[in-house]
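Structure file model.cif with mmCIF, C-alpha atoms and all ligand atoms:
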data_final
#
loop_
_atom_site.label_atom_id
_atom_site.label_comp_id
_atom_site.auth_asym_id
_atom_site.auth_seq_id
_atom_site.Cartn_x
_atom_site.Cartn_y
_atom_site.Cartn_z
CA MET A 1385 19.73 17.73 -13.19
CA ILE A 1386 16.28 16.57 -14.23
CA GLU A 1387 14.48 18.14 -17.17
CA VAL A 1388 11.26 16.71 -18.50
CA ARG A 1389 9.09 18.06 -21.31
CA ASP A 1390 5.85 16.63 -22.67
CA LEU A 1391 6.24 13.27 -20.95
CA GLU A 1392 3.52 10.78 -21.69
CA VAL A 1393 3.39 7.19 -20.48
CA ARG A 1394 0.90 4.76 -22.01
CA TYR A 1395 0.10 1.14 -21.41
CA GLY A 1396 -1.64 0.05 -24.60
CA THR A 1397 -4.21 2.71 -25.34
CA ARG A 1398 -4.37 3.97 -21.74
CA THR A 1399 -2.41 7.07 -20.77
CA VAL A 1400 -1.37 6.71 -17.12
CA ALA A 1401 0.88 9.77 -16.78
CA LYS A 1402 1.07 13.03 -18.68
CA VAL A 1403 3.58 15.58 -17.41
CA PRO A 1404 4.12 18.69 -19.56
CA GLU A 1405 7.04 20.02 -17.52
CA LEU A 1406 9.13 18.83 -14.57
CA ASP A 1407 12.52 20.23 -13.61
CA VAL A 1408 14.71 19.53 -10.59
CA ALA A 1409 17.80 21.70 -10.08
CA ALA A 1410 20.78 21.02 -7.81
CA GLY A 1411 19.85 21.51 -4.17
CA GLU A 1412 16.16 21.61 -4.98
CA CYS A 1413 13.35 19.34 -3.78
CA VAL A 1414 10.36 18.77 -6.02
CA ALA A 1415 7.49 16.63 -4.79
CA ILE A 1416 4.89 14.80 -6.85
CA VAL A 1417 1.73 14.37 -4.80
CA GLY A 1418 -1.66 12.82 -5.46
CA GLU A 1419 -3.79 9.89 -4.42
CA SER A 1420 -2.88 6.28 -5.09
CA GLY A 1421 -3.03 5.42 -8.81
CA SER A 1422 -2.60 9.01 -9.99
CA GLY A 1423 0.61 8.19 -11.91
CA LYS A 1424 3.29 9.38 -9.46
CA SER A 1425 5.46 6.23 -9.39
CA THR A 1426 5.04 5.70 -13.12
CA THR A 1427 6.39 9.21 -13.71
CA LEU A 1428 9.35 8.63 -11.39
CA MET A 1429 10.28 5.25 -12.88
CA SER A 1430 10.01 6.57 -16.44
CA LEU A 1431 12.75 9.10 -15.66
CA LEU A 1432 15.28 6.29 -15.20
CA GLY A 1433 13.94 4.27 -18.14
CA LEU A 1434 12.73 1.59 -15.74
CA LEU A 1435 9.24 0.93 -17.10
CA GLU A 1436 8.62 -2.30 -18.92
CA ASN A 1437 5.97 -2.64 -21.62
CA ALA A 1438 5.14 1.07 -21.47
CA GLN A 1439 5.20 3.51 -24.37
CA VAL A 1440 7.06 6.57 -23.20
CA THR A 1441 7.20 9.76 -25.27
CA GLY A 1442 8.61 13.23 -24.66
CA GLN A 1443 12.02 14.54 -23.61
CA ILE A 1444 13.65 13.19 -20.45
CA THR A 1445 17.11 14.46 -19.48
CA VAL A 1446 18.68 13.19 -16.25
CA CYS A 1447 22.21 14.32 -15.32
CA GLY A 1448 22.76 15.38 -18.92
CA VAL A 1449 21.69 12.01 -20.36
CA ASP A 1450 18.83 11.79 -22.85
CA VAL A 1451 17.14 8.85 -21.12
CA ARG A 1452 14.87 7.77 -23.98
CA ASN A 1453 17.70 7.62 -26.51
CA ALA A 1454 20.54 6.53 -24.23
CA SER A 1455 22.53 3.33 -24.70
CA PRO A 1456 22.29 0.66 -21.98
CA ARG A 1457 25.82 1.70 -20.94
CA GLU A 1458 24.85 5.37 -20.55
CA LEU A 1459 21.77 4.37 -18.56
CA ARG A 1460 23.78 2.13 -16.23
CA ALA A 1461 26.14 5.02 -15.56
CA ILE A 1462 23.35 7.22 -14.20
CA ARG A 1463 21.05 4.62 -12.62
CA GLY A 1464 21.96 3.85 -9.07
CA ALA A 1465 24.95 6.18 -9.08
CA ARG A 1466 24.47 9.76 -10.34
CA ALA A 1467 20.70 9.40 -10.04
CA ALA A 1468 19.84 7.12 -7.13
CA LEU A 1469 16.48 5.51 -6.60
CA VAL A 1470 15.25 5.19 -3.01
CA MET A 1471 12.23 2.96 -2.57
CA GLN A 1472 9.59 2.58 0.11
CA SER A 1473 10.97 -0.58 1.73
CA PRO A 1474 14.63 -1.07 0.87
CA GLN A 1475 14.88 -4.17 3.04
CA SER A 1476 12.78 -6.22 0.64
CA ALA A 1477 15.19 -5.34 -2.17
CA LEU A 1478 18.29 -6.42 -0.23
CA SER A 1479 19.67 -9.92 -0.42
CA PRO A 1480 19.00 -11.50 3.02
CA THR A 1481 22.30 -13.38 3.10
CA THR A 1482 24.53 -10.42 2.20
CA ARG A 1483 25.89 -8.13 4.91
CA LEU A 1484 25.28 -4.43 4.30
CA GLY A 1485 29.04 -3.80 4.00
CA SER A 1486 29.43 -6.44 1.27
CA LEU A 1487 26.49 -4.97 -0.53
CA MET A 1488 27.95 -1.48 -0.42
CA ARG A 1489 31.36 -2.75 -1.54
CA ALA A 1490 29.78 -4.54 -4.52
CA ALA A 1491 27.81 -1.42 -5.50
CA LEU A 1492 30.92 0.77 -5.30
CA LYS A 1493 32.95 -1.68 -7.40
CA LEU A 1494 30.16 -1.99 -9.95
CA HIS A 1495 30.35 1.75 -10.49
CA GLY A 1496 34.16 1.78 -10.56
CA ARG A 1497 34.57 3.52 -7.22
CA ALA A 1498 37.12 2.83 -4.49
CA ALA A 1499 35.54 0.51 -1.92
CA THR A 1500 37.79 1.11 1.07
CA ARG A 1501 36.67 0.84 4.69
CA ALA A 1502 37.22 4.59 5.06
CA VAL A 1503 34.93 5.41 2.11
CA MET A 1504 32.21 3.12 3.43
CA ALA A 1505 32.50 4.33 7.01
CA ALA A 1506 32.27 7.96 5.84
CA ALA A 1507 29.12 7.18 3.83
CA VAL A 1508 27.29 5.58 6.76
CA GLU A 1509 28.46 8.30 9.14
CA ALA A 1510 27.06 10.91 6.70
CA VAL A 1511 23.61 9.43 7.38
CA MET A 1512 24.20 9.22 11.15
CA LEU A 1513 24.65 5.46 11.29
CA ASP A 1514 27.32 3.62 13.24
CA PRO A 1515 29.82 1.98 10.82
CA ALA A 1516 29.27 -1.25 12.81
CA ILE A 1517 26.04 -1.57 10.82
CA LEU A 1518 28.13 -2.62 7.81
CA ARG A 1519 28.54 -6.01 9.51
CA SER A 1520 24.78 -6.51 9.83
CA TYR A 1521 22.44 -8.53 7.67
CA PRO A 1522 19.35 -6.74 6.31
CA HIS A 1523 16.96 -8.46 8.77
CA GLU A 1524 19.05 -7.24 11.73
CA VAL A 1525 18.37 -3.56 11.07
CA SER A 1526 15.22 -1.50 11.52
CA GLY A 1527 13.21 0.02 8.66
CA GLY A 1528 14.61 3.46 9.46
CA GLN A 1529 18.19 2.16 9.50
CA ALA A 1530 17.61 0.35 6.20
CA GLN A 1531 16.32 3.56 4.64
CA ARG A 1532 19.31 5.50 5.98
CA PHE A 1533 21.56 2.81 4.55
CA ALA A 1534 19.89 3.14 1.12
CA ILE A 1535 20.59 6.88 1.30
CA ALA A 1536 24.19 6.19 2.45
CA LEU A 1537 24.64 4.03 -0.63
CA ALA A 1538 23.51 6.94 -2.79
CA VAL A 1539 25.96 9.23 -0.96
CA ALA A 1540 28.84 6.74 -1.37
CA LEU A 1541 28.16 6.47 -5.08
CA GLY A 1542 28.25 10.25 -5.39
CA ALA A 1543 24.58 10.71 -6.30
CA GLU A 1544 23.68 14.14 -7.67
CA VAL A 1545 19.98 13.54 -7.45
CA ILE A 1546 17.83 11.14 -5.44
CA LEU A 1547 14.52 9.90 -6.79
CA ALA A 1548 12.56 8.74 -3.78
CA ASP A 1549 9.26 6.87 -3.98
CA GLU A 1550 7.33 7.15 -0.70
CA PRO A 1551 10.64 6.86 1.20
CA THR A 1552 9.11 7.21 4.62
CA SER A 1553 5.65 5.63 4.23
CA ALA A 1554 6.70 2.34 5.79
CA LEU A 1555 8.28 4.04 8.81
CA ASP A 1556 6.72 5.26 12.02
CA VAL A 1557 6.27 8.96 12.55
CA THR A 1558 9.40 9.86 14.55
CA VAL A 1559 11.62 7.84 12.22
CA GLN A 1560 9.92 9.50 9.23
CA ALA A 1561 10.90 12.89 10.59
CA GLU A 1562 14.51 11.75 11.04
CA VAL A 1563 14.77 10.49 7.47
CA VAL A 1564 13.28 13.74 6.14
CA ALA A 1565 15.71 15.75 8.26
CA LEU A 1566 18.54 13.68 6.81
CA LEU A 1567 17.43 14.31 3.23
CA ARG A 1568 17.09 18.00 3.98
CA ARG A 1569 20.61 18.15 5.40
CA LEU A 1570 22.18 16.27 2.46
CA ARG A 1571 20.42 18.67 0.13
CA ALA A 1572 21.81 21.70 1.94
CA GLU A 1573 25.33 20.31 2.47
CA ARG A 1574 25.88 18.55 -0.83
CA GLY A 1575 23.53 20.34 -3.20
CA LEU A 1576 21.71 17.08 -3.76
CA GLY A 1577 18.60 17.35 -5.94
CA LEU A 1578 15.56 15.47 -4.71
CA LEU A 1579 12.49 14.26 -6.56
CA LEU A 1580 10.06 12.93 -4.01
CA VAL A 1581 6.89 10.97 -4.64
CA SER A 1582 4.53 11.08 -1.70
CA HIS A 1583 0.87 11.00 -0.79
CA ASP A 1584 1.72 12.69 2.51
CA LEU A 1585 1.20 16.44 2.16
CA ALA A 1586 2.22 17.16 5.75
CA LEU A 1587 5.60 15.61 5.07
CA VAL A 1588 5.93 17.29 1.68
CA SER A 1589 5.32 20.69 3.26
CA THR A 1590 8.41 20.20 5.44
CA ILE A 1591 10.84 19.61 2.59
CA ALA A 1592 9.60 20.48 -0.91
CA ASP A 1593 10.39 23.70 -2.76
CA ARG A 1594 7.95 22.92 -5.55
CA VAL A 1595 5.00 20.60 -5.86
CA LEU A 1596 3.26 18.87 -8.76
CA VAL A 1597 -0.23 17.63 -8.02
CA MET A 1598 -1.33 14.63 -10.09
CA LYS A 1599 -4.83 13.27 -10.56
CA GLU A 1600 -5.69 10.35 -12.82
CA GLY A 1601 -2.45 10.74 -14.75
CA ASP A 1602 -2.65 14.50 -15.27
CA VAL A 1603 -0.81 17.33 -13.54
CA VAL A 1604 -3.69 19.45 -12.26
CA GLU A 1605 -1.55 22.03 -10.49
CA SER A 1606 2.10 22.86 -9.95
CA GLY A 1607 4.06 25.65 -8.33
CA PRO A 1608 5.99 26.70 -5.23
CA ALA A 1609 5.17 24.38 -2.33
CA ALA A 1610 4.39 27.25 0.02
CA ARG A 1611 1.78 28.64 -2.38
CA VAL A 1612 0.23 25.34 -3.58
CA LEU A 1613 -0.12 24.01 -0.03
CA SER A 1614 -1.44 27.24 1.51
CA ALA A 1615 -3.53 28.64 -1.34
CA PRO A 1616 -4.30 25.76 -3.73
CA GLY A 1617 -5.67 26.78 -7.11
CA HIS A 1618 -7.34 23.49 -7.89
CA ALA A 1619 -10.30 21.85 -6.15
CA TYR A 1620 -8.50 18.50 -6.12
CA THR A 1621 -5.52 19.97 -4.23
CA ARG A 1622 -7.95 21.44 -1.70
CA GLU A 1623 -9.52 17.98 -1.29
CA LEU A 1624 -6.09 16.43 -0.69
CA LEU A 1625 -5.27 19.12 1.87
CA GLU A 1626 -8.57 18.65 3.66
CA ALA A 1627 -7.86 14.91 3.90
CA THR A 1628 -4.49 15.67 5.55
CA PRO A 1629 -4.60 15.51 9.33
P1 LIG B 1 0.73 6.14 -7.96
O1 LIG B 1 2.21 6.05 -7.87
O2 LIG B 1 0.25 7.55 -8.03
O3 LIG B 1 0.01 5.35 -6.92
P2 LIG B 1 1.09 4.57 -10.34
O4 LIG B 1 2.03 5.38 -11.14
O5 LIG B 1 1.63 3.40 -9.60
O6 LIG B 1 0.29 5.51 -9.36
O7 LIG B 1 -0.05 3.99 -11.29
C1 LIG B 1 -0.77 4.82 -12.19
C2 LIG B 1 -1.69 3.96 -13.03
O8 LIG B 1 -0.93 3.17 -13.92
C3 LIG B 1 -2.55 3.02 -12.21
O9 LIG B 1 -3.86 3.06 -12.69
C4 LIG B 1 -1.94 1.67 -12.48
O10 LIG B 1 -2.91 0.67 -12.44
C5 LIG B 1 -1.37 1.83 -13.88
N1 LIG B 1 -0.21 0.94 -14.10
C6 LIG B 1 0.94 0.93 -13.40
N2 LIG B 1 1.78 -0.01 -13.87
C7 LIG B 1 1.15 -0.62 -14.90
C8 LIG B 1 1.49 -1.68 -15.80
N3 LIG B 1 2.67 -2.31 -15.74
N4 LIG B 1 0.59 -2.01 -16.73
C9 LIG B 1 -0.60 -1.39 -16.83
N5 LIG B 1 -0.98 -0.37 -16.02
C10 LIG B 1 -0.12 0.00 -15.05
#
Show me, as structure tokens, the structure contained in the file I just sent.
Ligand code: ADP
Amino acid sequence: MIEVRDLEVRYGTRTVAKVPELDVAAGECVAIVGESGSGKSTTLMSLLGLLENAQVTGQITVCGVDVRNASPRELRAIRGARAALVMQSPQSALSPTTRLGSLMRAALKLHGRAATRAVMAAAVEAVMLDPAILRSYPHEVSGGQAQRFAIALAVALGAEVILADEPTSALDVTVQAEVVALLRRLRAERGLGLLLVSHDLALVSTIADRVLVMKEGDVVESGPAARVLSAPGHAYTRELLEATP
């Protein structure tokens, strides 16, 4: 569902991300790890054509759409629906005066989906939330609930792949584990693909099948998560692992 070849993102003359190869299949979780500023988010955002003022080259295919050459209409059809973006703090992206249920209804309608109570209740129940939450305003829910809701929205819209940028970094540890367990379950039950950006190797080790390690815009190592995280081939990966509690 995601196929990337020879991706390069430049701002002016500066290359901030260079990814020769990145694939995510159905039911698979690929994690991009690396320290802050290594180009992880830039890579993720480029896959949905969301970077402004950047020069992006290479081949990017998401859910069968050639992202770099797609029309605005084709891009709208994948963004938010077939390929859902989950951010670090969804609450800040939600309108404070709109109840979660209204927000979900608007998103479903925007993508031409039925927005019945039953559809919405099923989506929130799929992420272990009480449907009563649909009557809440964003400030009335916790960070973990907001993140679950963002994932419920992806489920309701029929997402095939979730692109998640540090989805648990703003949450405390027990809630982090719950959100990761949820993503793992959706992957197993629905064959959801997952591209995860994280600086947290401990978390990555609990969910990722494959890992790409980025440093200063380059992929320094990639491979099966079990191998990369237990027997890293690159000194930088070893440094990251040593810095992990
Ligand atoms: P990470 O997600 O690994 O923390 P980012 O992808 O956010 O890293 O950033 C990679 C590099 O790209 C950083 O050096 C950052 O300063 C630079 N960068 C990000 N956005 C822009 C932009 N709009 N203009 C210029 N440089 C940018």
message = I need the residue nearest ligand LIG 1 (chain B) from this list: A:Val1612, A:Leu1492, A:Leu1435, A:Leu1537. Use only C-alpha atoms and all ligand atoms for the distance.
response =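 Answer, going by the shortest atom-to-atom distance: A:Leu1435.
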key: Minimum-distance residue to Asp1549 of chain A, chosen among A:Met1512, A:Ala1490, A:Ala1409, A:Met1471 (using only C-alpha atoms)   = A:Met1471
Between atom CA of Leu1391 of chain A and atom CA of Gly1577 of chain A, distance in Å (one decimal) = 19.9 Å
Using only C-alpha atoms and all ligand atoms, which residues have at least one atom no more than 12 Å from ligand LIG 1 (chain B)? Output them as an mmCIF file with C-alpha atoms, in the coordinates of the input.
data_model
loop_
_atom_site.group_PDB
_atom_site.id
_atom_site.type_symbol
_atom_site.label_atom_id
_atom_site.label_comp_id
_atom_site.auth_asym_id
_atom_site.auth_seq_id
_atom_site.Cartn_x
_atom_site.Cartn_y
_atom_site.Cartn_z
ATOM 1 C CA GLU A 1392 3.520 10.780 -21.690
ATOM 2 C CA VAL A 1393 3.390 7.190 -20.480
ATOM 3 C CA ARG A 1394 0.900 4.760 -22.010
ATOM 4 C CA TYR A 1395 0.100 1.140 -21.410
ATOM 5 C CA GLY A 1396 -1.640 0.050 -24.600
ATOM 6 C CA THR A 1397 -4.210 2.710 -25.340
ATOM 7 C CA ARG A 1398 -4.370 3.970 -21.740
ATOM 8 C CA THR A 1399 -2.410 7.070 -20.770
ATOM 9 C CA VAL A 1400 -1.370 6.710 -17.120
ATOM 10 C CA ALA A 1401 0.880 9.770 -16.780
ATOM 11 C CA LYS A 1402 1.070 13.030 -18.680
ATOM 12 C CA ILE A 1416 4.890 14.800 -6.850
ATOM 13 C CA VAL A 1417 1.730 14.370 -4.800
ATOM 14 C CA GLY A 1418 -1.660 12.820 -5.460
ATOM 15 C CA GLU A 1419 -3.790 9.890 -4.420
ATOM 16 C CA SER A 1420 -2.880 6.280 -5.090
ATOM 17 C CA GLY A 1421 -3.030 5.420 -8.810
ATOM 18 C CA SER A 1422 -2.600 9.010 -9.990
ATOM 19 C CA GLY A 1423 0.610 8.190 -11.910
ATOM 20 C CA LYS A 1424 3.290 9.380 -9.460
ATOM 21 C CA SER A 1425 5.460 6.230 -9.390
ATOM 22 C CA THR A 1426 5.040 5.700 -13.120
ATOM 23 C CA THR A 1427 6.390 9.210 -13.710
ATOM 24 C CA LEU A 1428 9.350 8.630 -11.390
ATOM 25 C CA MET A 1429 10.280 5.250 -12.880
ATOM 26 C CA SER A 1430 10.010 6.570 -16.440
ATOM 27 C CA LEU A 1434 12.730 1.590 -15.740
ATOM 28 C CA LEU A 1435 9.240 0.930 -17.100
ATOM 29 C CA GLU A 1436 8.620 -2.300 -18.920
ATOM 30 C CA ASN A 1437 5.970 -2.640 -21.620
ATOM 31 C CA ALA A 1438 5.140 1.070 -21.470
ATOM 32 C CA GLN A 1439 5.200 3.510 -24.370
ATOM 33 C CA MET A 1471 12.230 2.960 -2.570
ATOM 34 C CA GLN A 1472 9.590 2.580 0.110
ATOM 35 C CA ALA A 1548 12.560 8.740 -3.780
ATOM 36 C CA ASP A 1549 9.260 6.870 -3.980
ATOM 37 C CA GLU A 1550 7.330 7.150 -0.700
ATOM 38 C CA LEU A 1580 10.060 12.930 -4.010
ATOM 39 C CA VAL A 1581 6.890 10.970 -4.640
ATOM 40 C CA SER A 1582 4.530 11.080 -1.700
ATOM 41 C CA HIS A 1583 0.870 11.000 -0.790
ATOM 42 C CA ASP A 1584 1.720 12.690 2.510
ATOM 43 C CA LEU A 1596 3.260 18.870 -8.760
ATOM 44 C CA VAL A 1597 -0.230 17.630 -8.020
ATOM 45 C CA MET A 1598 -1.330 14.630 -10.090
ATOM 46 C CA LYS A 1599 -4.830 13.270 -10.560
ATOM 47 C CA GLU A 1600 -5.690 10.350 -12.820
ATOM 48 C CA GLY A 1601 -2.450 10.740 -14.750
ATOM 49 C CA ASP A 1602 -2.650 14.500 -15.270
ATOM 50 C CA VAL A 1603 -0.810 17.330 -13.540
#
task = May I have the residues within 8 Å of Val1451 of chain A as an MDAnalysis selection string, using all atoms listed in the file and disregarding those fewer than 3 positions away in the same chain?
result = chainID A and resid 1431:1433 1444:1446 1454 1459
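The space between atom CA of Thr1552 of chain A and atom CA of Ala1477 of chain A spans 15.5 Å.
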inquiry  = Quick one: residues within 9 Å of Ala1510 of chain A, only C-alpha atoms, excluding same-chain residues fewer than 2 positions away - as a VMD selection string?
reply    = chain A and resid 1505 to 1508 1512 to 1513 1536 1539 1566 1570
request  = Mind giving me the straight-line distance from atom CA of Leu1625 of chain A to atom CA of Leu1585 of chain A in Å, one decimal?
outcome  =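 Distance between the two atoms: 7.0 Å.
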Can you pull out the residues contacting Ser1486 of chain A? Cut-off 12 Å, using all atoms listed in the file, and skip same-chain residues under 3 positions away; I want them as a compact mmCIF listing (two decimals) with C-alpha atoms, keeping the file's coordinate frame.
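Result file follows (part_18.txt):
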# COMPACT_ATOMS: atom_id res chain seq x y z
CA LEU A 1478 18.29 -6.42 -0.23
CA SER A 1479 19.67 -9.92 -0.42
CA PRO A 1480 19.00 -11.50 3.02
CA THR A 1481 22.30 -13.38 3.10
CA THR A 1482 24.53 -10.42 2.20
CA ARG A 1483 25.89 -8.13 4.91
CA ARG A 1489 31.36 -2.75 -1.54
CA ALA A 1490 29.78 -4.54 -4.52
CA ALA A 1491 27.81 -1.42 -5.50
CA LEU A 1492 30.92 0.77 -5.30
CA LYS A 1493 32.95 -1.68 -7.40
CA ALA A 1499 35.54 0.51 -1.92
CA THR A 1500 37.79 1.11 1.07
CA ARG A 1501 36.67 0.84 4.69
CA MET A 1504 32.21 3.12 3.43
CA ILE A 1517 26.04 -1.57 10.82
CA LEU A 1518 28.13 -2.62 7.81
CA ARG A 1519 28.54 -6.01 9.51
CA SER A 1520 24.78 -6.51 9.83
CA TYR A 1521 22.44 -8.53 7.67
CA PRO A 1522 19.35 -6.74 6.31
CA LEU A 1537 24.64 4.03 -0.63
Kindly compute an axis-aligned box around the listed atoms of segment 1537-1555 of chain A, allowing 5 Å on each side, and express its centre and edge lengths in Å to one decimal as lines of an AutoDock Vina configuration file.
center_x = 17.2
center_y = 8.2
center_z = 0.6
size_x = 33.2
size_y = 21.8
size_z = 26.5
request  = Return the single residue from A:Ile1535, A:Ile1591, A:Leu1555, A:Leu1484 that is closest to Arg1568 of chain A, with distances computed using only C-alpha atoms.
outcome  =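 Looking at the shortest contact to Arg1568 of chain A, the residue is A:Ile1591.
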message = I'd like the neighbourhood of Ala1465 of chain A as a list of chain:residue names, where a residue qualifies if any of its atoms comes within 10 Å (using only C-alpha atoms), though same-chain residues fewer than 4 positions away should be ignored.
response = A:Arg1460, A:Ala1461, A:Leu1469, A:Ala1491, A:Leu1492, A:Leu1494, A:His1495, A:Leu1537, A:Ala1538, A:Val1539, A:Ala1540, A:Leu1541, A:Gly1542, A:Ala1543, A:Glu1544, A:Val1545, A:Ile1546
Pick from A:Gly1607, A:Pro1551, A:Gly1411, A:Pro1456 nearest to Gln1475 of chain A, counting all atoms listed in the file = A:Pro1551
